[in-house]
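Just model_23.cif here, mmCIF, C-alpha atoms:
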```
data_structure
#
loop_
_atom_site.label_atom_id
_atom_site.label_comp_id
_atom_site.auth_asym_id
_atom_site.auth_seq_id
_atom_site.Cartn_x
_atom_site.Cartn_y
_atom_site.Cartn_z
CA MET A 1178 34.03 80.62 35.07
CA GLN A 1179 32.80 83.83 33.52
CA SER A 1180 29.08 83.48 33.97
CA ALA A 1181 26.50 81.90 36.19
CA GLU A 1182 24.71 80.22 33.28
CA ARG A 1183 27.46 77.68 32.95
CA ASN A 1184 26.14 75.83 35.95
CA ARG A 1185 23.40 73.34 35.35
CA PRO A 1186 20.15 74.40 37.04
CA HIS A 1187 19.32 72.26 40.04
CA PHE A 1188 15.54 72.32 39.89
CA ILE A 1189 15.16 69.25 37.67
CA PRO A 1190 16.13 65.78 38.85
CA ALA A 1191 18.98 64.48 36.72
CA GLY A 1192 19.08 61.12 35.07
CA THR A 1193 16.14 60.71 32.70
CA ALA A 1194 16.05 61.85 29.09
CA ASP A 1195 13.12 64.15 29.86
CA ALA A 1196 14.97 65.69 32.76
CA VAL A 1197 18.01 66.31 30.58
CA ALA A 1198 15.90 67.87 27.80
CA GLY A 1199 14.14 69.99 30.42
CA ASP A 1200 17.49 71.05 31.80
CA VAL A 1201 18.70 72.13 28.38
CA GLY A 1202 15.48 73.99 27.58
CA ARG A 1203 15.46 75.87 30.86
CA ALA A 1204 19.16 76.62 30.76
CA LEU A 1205 18.83 77.97 27.20
CA ARG A 1206 15.99 80.23 28.24
CA THR A 1207 17.99 81.67 31.10
CA LEU A 1208 21.20 82.42 29.20
CA SER A 1209 22.45 85.94 29.81
CA ASP A 1210 22.74 88.49 27.02
CA THR A 1211 26.50 88.00 26.83
CA ASP A 1212 26.19 84.21 26.69
CA LEU A 1213 23.68 84.55 23.85
CA VAL A 1214 26.26 86.61 21.96
CA ARG A 1215 28.86 83.90 22.68
CA LEU A 1216 26.43 81.27 21.40
CA LYS A 1217 25.86 83.16 18.17
CA ALA A 1218 29.61 83.59 17.69
CA LEU A 1219 30.09 79.83 18.26
CA ALA A 1220 27.40 78.98 15.70
CA ARG A 1221 29.06 81.28 13.17
CA LEU A 1222 32.41 79.70 13.90
CA TRP A 1223 31.23 76.10 13.41
CA SER A 1224 29.21 76.88 10.29
CA ARG A 1225 32.23 78.42 8.55
CA GLY A 1226 32.63 77.03 5.03
CA LEU A 1227 29.84 74.44 5.23
CA PRO A 1228 28.54 73.26 1.86
CA GLY A 1229 24.89 73.22 0.80
CA GLY A 1230 24.14 76.79 1.78
CA LEU A 1231 23.87 75.93 5.47
CA GLY A 1232 24.33 78.89 7.75
CA TRP A 1233 24.92 79.51 11.41
CA ALA A 1234 21.20 79.62 12.22
CA ASP A 1235 20.71 76.13 10.70
CA VAL A 1236 23.59 74.72 12.73
CA LEU A 1237 22.37 76.38 15.92
CA ASN A 1238 18.81 75.19 15.33
CA GLU A 1239 19.94 71.63 14.78
CA ALA A 1240 22.15 71.68 17.88
CA ILE A 1241 19.23 72.82 20.02
CA VAL A 1242 16.87 70.23 18.50
CA ARG A 1243 19.35 67.43 19.18
CA SER A 1244 19.97 68.60 22.73
CA LEU A 1245 16.27 68.88 23.50
CA GLY A 1246 15.45 65.60 21.79
CA GLY A 1247 18.04 63.78 23.86
CA SER A 1248 19.99 62.46 20.89
CA ARG A 1249 22.86 64.39 22.44
CA ARG A 1250 22.99 64.21 26.22
CA TRP A 1251 24.26 67.11 28.27
CA PRO A 1252 26.89 65.72 30.65
CA PRO A 1253 26.45 67.02 34.20
CA ASP A 1254 29.94 68.48 34.50
CA VAL A 1255 30.04 70.33 31.17
CA PRO A 1256 28.97 74.01 30.85
CA LEU A 1257 26.06 74.52 28.47
CA LEU A 1258 27.96 76.60 25.92
CA ALA A 1259 30.81 74.09 25.79
CA PHE A 1260 28.28 71.30 25.33
CA LEU A 1261 26.45 73.11 22.50
CA SER A 1262 29.77 73.96 20.88
CA GLY A 1263 30.59 70.23 20.88
CA VAL A 1264 27.20 69.40 19.36
CA MET A 1265 27.74 71.98 16.60
CA ARG A 1266 31.19 70.52 15.96
CA SER A 1267 29.60 67.06 15.50
CA ILE A 1268 26.93 68.50 13.20
CA ARG A 1269 29.63 70.09 11.09
CA ASP A 1270 31.55 66.84 10.84
CA GLU A 1271 28.39 64.84 10.12
CA HIS A 1272 27.34 67.24 7.40
CA TRP A 1273 30.69 66.93 5.65
CA ARG A 1274 30.52 63.13 5.87
CA ARG A 1275 27.00 63.18 4.43
CA ALA A 1276 28.08 65.47 1.58
CA ARG A 1277 31.01 63.14 0.85
CA ARG A 1278 28.76 60.05 0.83
CA ASP A 1279 26.12 61.73 -1.34
CA HIS A 1280 28.77 62.78 -3.82
CA ALA A 1281 30.14 59.21 -3.95
CA LEU A 1282 26.63 57.89 -4.59
CA LEU A 1283 25.97 60.42 -7.32
CA VAL A 1284 29.07 59.57 -9.30
CA ALA A 1285 28.88 55.77 -8.85
CA ALA A 1286 27.35 53.44 -11.42
CA PRO A 1287 23.87 52.34 -10.28
CA ALA A 1288 24.93 48.69 -9.90
CA ALA A 1289 27.80 49.66 -7.59
CA ARG A 1290 25.82 51.90 -5.25
CA GLY A 1291 25.29 49.21 -2.65
CA SER A 1292 29.01 48.84 -2.05
CA ILE A 1293 30.09 52.46 -2.11
CA ILE A 1294 33.11 53.48 -0.12
CA ALA A 1295 33.35 57.25 -0.18
CA PRO A 1296 36.71 58.44 -1.47
CA ASP A 1297 38.84 61.13 0.13
CA ASP A 1298 36.98 64.38 0.11
CA PRO A 1299 38.77 67.03 -1.98
CA GLU A 1300 35.88 69.48 -1.56
CA ARG A 1301 36.21 69.38 2.22
CA VAL A 1302 39.99 69.72 2.04
CA LEU A 1303 39.66 72.70 -0.28
CA ALA A 1304 36.98 74.33 1.85
CA ALA A 1305 39.11 73.78 4.96
CA ALA A 1306 42.15 75.31 3.27
CA GLN A 1307 40.04 78.31 2.27
CA ALA A 1308 38.61 78.64 5.79
CA LEU A 1309 42.10 78.49 7.30
CA GLY A 1310 43.16 81.15 4.82
CA ALA A 1311 40.21 83.33 5.79
CA ILE A 1312 40.97 82.99 9.51
CA ASN A 1313 44.64 83.77 8.92
CA GLY A 1314 43.50 86.72 6.82
CA LEU A 1315 41.79 88.20 9.88
CA PHE A 1316 45.22 88.43 11.51
CA ALA A 1317 47.32 89.21 8.45
CA ASP A 1318 48.87 92.24 10.20
CA ASP A 1319 49.54 90.43 13.44
CA PRO A 1320 52.54 88.05 13.14
CA ALA A 1321 52.22 86.90 16.75
CA ALA A 1322 48.57 85.91 16.19
CA LEU A 1323 49.53 83.99 13.05
CA LYS A 1324 52.08 82.02 15.07
CA ILE A 1325 49.47 81.16 17.67
CA LEU A 1326 46.97 80.14 14.97
CA ALA A 1327 49.56 77.84 13.41
CA GLY A 1328 50.29 76.28 16.78
CA LEU A 1329 46.62 75.77 17.65
CA ALA A 1330 45.98 74.20 14.25
CA GLU A 1331 48.72 71.72 14.98
CA GLY A 1332 47.17 70.89 18.32
CA MET A 1333 49.91 72.52 20.38
CA THR A 1334 49.28 73.65 23.93
CA ALA A 1335 49.77 77.26 25.02
CA ASN A 1336 53.07 76.33 26.61
CA ASP A 1337 54.24 74.49 23.48
CA ILE A 1338 53.40 77.52 21.35
CA ARG A 1339 55.24 79.91 23.63
CA LEU A 1340 58.32 77.72 23.70
CA HIS A 1341 58.24 76.96 20.00
CA TYR A 1342 57.93 80.61 18.96
CA ASP A 1343 59.92 82.03 21.86
CA MET A 1344 57.04 84.20 23.10
CA SER A 1345 56.83 85.60 26.59
CA GLU A 1346 53.78 84.74 28.66
CA ARG A 1347 52.75 88.38 28.53
CA ASP A 1348 53.02 88.57 24.72
CA TYR A 1349 51.12 85.32 24.39
CA ASP A 1350 48.29 86.47 26.64
CA SER A 1351 47.92 89.87 25.03
CA THR A 1352 47.90 88.29 21.57
CA ARG A 1353 45.22 85.81 22.60
CA LYS A 1354 43.19 88.76 23.88
CA ARG A 1355 43.46 90.53 20.51
CA MET A 1356 42.50 87.33 18.72
CA ARG A 1357 39.49 86.80 20.95
CA ARG A 1358 38.25 90.32 20.27
CA ALA A 1359 38.71 89.95 16.51
CA LEU A 1360 36.81 86.67 16.55
CA LEU A 1361 33.96 88.09 18.56
CA ARG A 1362 33.78 91.10 16.28
CA ARG A 1363 33.33 88.70 13.36
CA GLY A 1364 30.79 86.71 15.34
CA LEU A 1365 28.69 89.80 15.95
CA ALA A 1366 28.35 90.71 12.30
CA MET B 927 57.66 68.54 6.17
CA ARG B 928 54.52 66.88 7.44
CA ASN B 929 51.58 65.91 5.25
CA TRP B 930 49.25 68.93 5.49
CA GLN B 931 45.66 68.02 6.30
CA PRO B 932 43.78 71.32 6.33
CA ASP B 933 40.47 69.77 7.43
CA ILE B 934 42.09 68.35 10.56
CA ASP B 935 44.01 71.56 11.21
CA LEU B 936 40.81 73.57 10.79
CA ASP B 937 38.87 71.35 13.17
CA ARG B 938 41.55 71.73 15.86
CA LEU B 939 41.75 75.46 15.27
CA LEU B 940 37.98 75.96 15.44
CA ALA B 941 37.84 73.98 18.70
CA ALA B 942 40.54 76.19 20.21
CA LEU B 943 38.89 79.38 18.94
CA GLY B 944 35.54 78.17 20.28
CA GLU B 945 37.11 77.96 23.72
CA GLU B 946 38.34 81.53 23.31
CA ILE B 947 34.81 82.66 22.57
CA ILE B 948 33.40 80.80 25.57
CA ASP B 949 36.06 82.29 27.85
CA ALA B 950 35.70 85.86 26.53
CA PRO B 951 34.95 88.23 29.42
CA GLY B 952 31.47 89.77 29.42
CA GLU B 953 33.05 93.23 29.50
CA ASP B 954 34.84 92.54 26.18
CA ILE B 955 31.58 91.43 24.62
CA ARG B 956 29.71 94.54 25.76
CA THR B 957 32.51 96.79 24.51
CA LEU B 958 32.68 95.06 21.12
CA CYS B 959 28.93 95.23 20.63
CA GLY B 960 29.21 98.99 21.09
CA GLN B 961 32.15 99.23 18.68
CA VAL B 962 30.49 97.33 15.84
CA GLY B 963 27.13 99.07 16.28
CA SER B 964 25.23 95.89 17.14
CA PRO B 965 23.43 96.51 20.41
CA LEU B 966 23.91 93.64 22.85
CA SER B 967 20.22 93.72 23.69
CA GLY B 968 19.28 93.43 20.00
CA ILE B 969 21.46 90.37 19.43
CA ALA B 970 20.21 88.80 22.65
CA ARG B 971 16.58 89.46 21.71
CA ASP B 972 17.06 87.85 18.31
CA MET B 973 18.77 84.82 19.85
CA ARG B 974 16.07 84.44 22.52
CA ALA B 975 13.42 84.46 19.80
CA ARG B 976 15.28 81.78 17.83
CA ILE B 977 15.75 79.61 20.90
CA ALA B 978 12.15 80.04 22.00
CA ALA B 979 10.92 79.07 18.54
CA VAL B 980 12.82 75.78 18.75
CA VAL B 981 12.10 75.02 22.40
CA ASP B 982 8.40 75.81 22.00
CA CYS B 983 8.18 73.56 18.97
CA GLU B 984 9.32 70.47 20.85
CA THR B 985 5.96 68.84 20.27
CA GLU B 986 5.99 69.95 16.65
CA PRO B 987 9.59 69.19 15.64
CA ALA B 988 11.51 71.55 13.40
CA PRO B 989 12.51 70.14 10.00
CA ALA B 990 15.35 67.68 10.23
CA PHE B 991 18.74 68.82 8.98
CA GLY B 992 18.47 66.54 5.93
CA ASP B 993 15.10 68.08 5.07
CA ILE B 994 16.55 71.59 5.20
CA ILE B 995 19.31 70.59 2.80
CA PHE B 996 16.84 68.82 0.50
CA ARG B 997 14.54 71.86 0.42
CA ARG B 998 17.44 74.20 -0.32
CA GLU B 999 18.67 71.96 -3.15
CA LEU B 1000 15.16 71.72 -4.54
CA SER B 1001 14.83 75.47 -4.42
CA VAL B 1002 18.18 75.96 -6.19
CA ARG B 1003 17.32 73.42 -8.90
CA SER B 1004 13.94 74.99 -9.55
CA HIS B 1005 15.54 78.35 -10.42
#
```
Please express the file's structure as structure tokens.
Amino acid sequence: MQSAERNRPHFIPAGTADAVAGDVGRALRTLSDTDLVRLKALARLWSRGLPGGLGWADVLNEAIVRSLGGSRRWPPDVPLLAFLSGVMRSIRDEHWRRARRDHALLVAAPAARGSIIAPDDPERVLAAAQALGAINGLFADDPAALKILAGLAEGMTANDIRLHYDMSERDYDSTRKRMRRALLRRGLA
Amino acid sequence: MRNWQPDIDLDRLLAALGEEIIDAPGEDIRTLCGQVGSPLSGIARDMRARIAAVVDCETEPAPAFGDIIFRRELSVRSH
């Protein structure tokens, strides 16, 4: 663990919704400067390519509201930033599903609107392809990073990636370090 | 060749990159803030203000996500 804030504070009894919301509120208020930077970078990451003009601040705001309101519960064994990252991931997915449903409703004949089944979502697929292209573009001059990105996108583990691309552990680790710095640099902008 | 599903690939990639951000050493973050000319304290102050605004408004809830989208769309259509 890199920082003390990842541990849930112990001054509130666990178990009730109020206690959980209180936990989240207090933990948010006591995040260190570096964790706040991480949180901003996470919000920028999860808001990448969202439709409807939604930005990182909207996604962050919604994640905090849901956590405080108890609609998303903070599991006791999960660090706060990991929990909020998961909430933002859900918000992203939910927003795309809503956009897909709204689009299906808009284009359907009024009589058929009650039985709408949203079709595949070409807009989301296109936006995702563009976002992948943009992320790859960050590492256009770094072939090793591009290999790792491809592996991560396919859900490969670190070991799988190293074996698949014949990378030494040292090369893998130093590349991940470069990638992390590039991502944070983007997250700070 | 597998059937490419960029939305699924992107979701997996963002999750992995999110973990990278969470695991980034504090020293790296401080160094990068200096390099990009964004003082760590300034970013932290801005984030604290945002968080406080939401936490303090618990009794007066912030607009729901759907409302934000609706207002943005309304604003775009009215121009």
Closest pair table for chain A residues within 6 Å of chain B, all atoms listed in the file, as CSV:
```
residue,atom,partner,partner_atom,distance
A:Asp1210,CA,B:Ala970,CA,5.1
A:Thr1211,CA,B:Gly952,CA,5.9
A:Leu1213,CA,B:Ala970,CA,5.6
A:Val1302,CA,B:Asp933,CA,5.4
A:Ala1305,CA,B:Asp933,CA,4.9
A:Ala1306,CA,B:Pro932,CA,5.3
A:Leu1329,CA,B:Leu939,CA,5.4
A:Ala1330,CA,B:Asp935,CA,4.5
A:Arg1357,CA,B:Glu946,CA,5.9
```
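Residues matched by the PyMOL selection byres ((chain A and resi 1328) around 10) in this file are Ala1322, Leu1323, Lys1324, Ile1325, Leu1326, Ala1327, Leu1329, Ala1330, Glu1331, Gly1332, Met1333, Thr1334, Ala1335, Asp1337, Ile1338, Arg1339, His1341 and Tyr1342 of chain A; Asp935, Arg938 and Leu939 of chain B.
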Atom-to-atom span, CA of Leu1216 in chain A and CA of Leu1261 in chain A, Å: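 Computing the Euclidean distance for CA of Leu1216 in chain A and CA of Leu1261 in chain A yields 8.2 Å.
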Neighbour residues at most 9 Å from (15.3, 75.8, 26.5) (all atoms listed in the file) as a PyMOL selection string: (chain A and resi 1198-1207+1241+1245) or (chain B and resi 977-978+980-982)
Residues returned when the PyMOL selection byres ((chain A and resi 1272) around 10) runs on this file, as a PyMOL selection string: (chain A and resi 1227-1229+1231+1236+1266-1271+1273-1278) or (chain B and resi 991-992+995)
Interatomic distance (Å, one decimal) between CA of Leu1360 in chain A and CA of Gly1232 in chain A: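 Computing it gives 17.1 Å between the two atoms.
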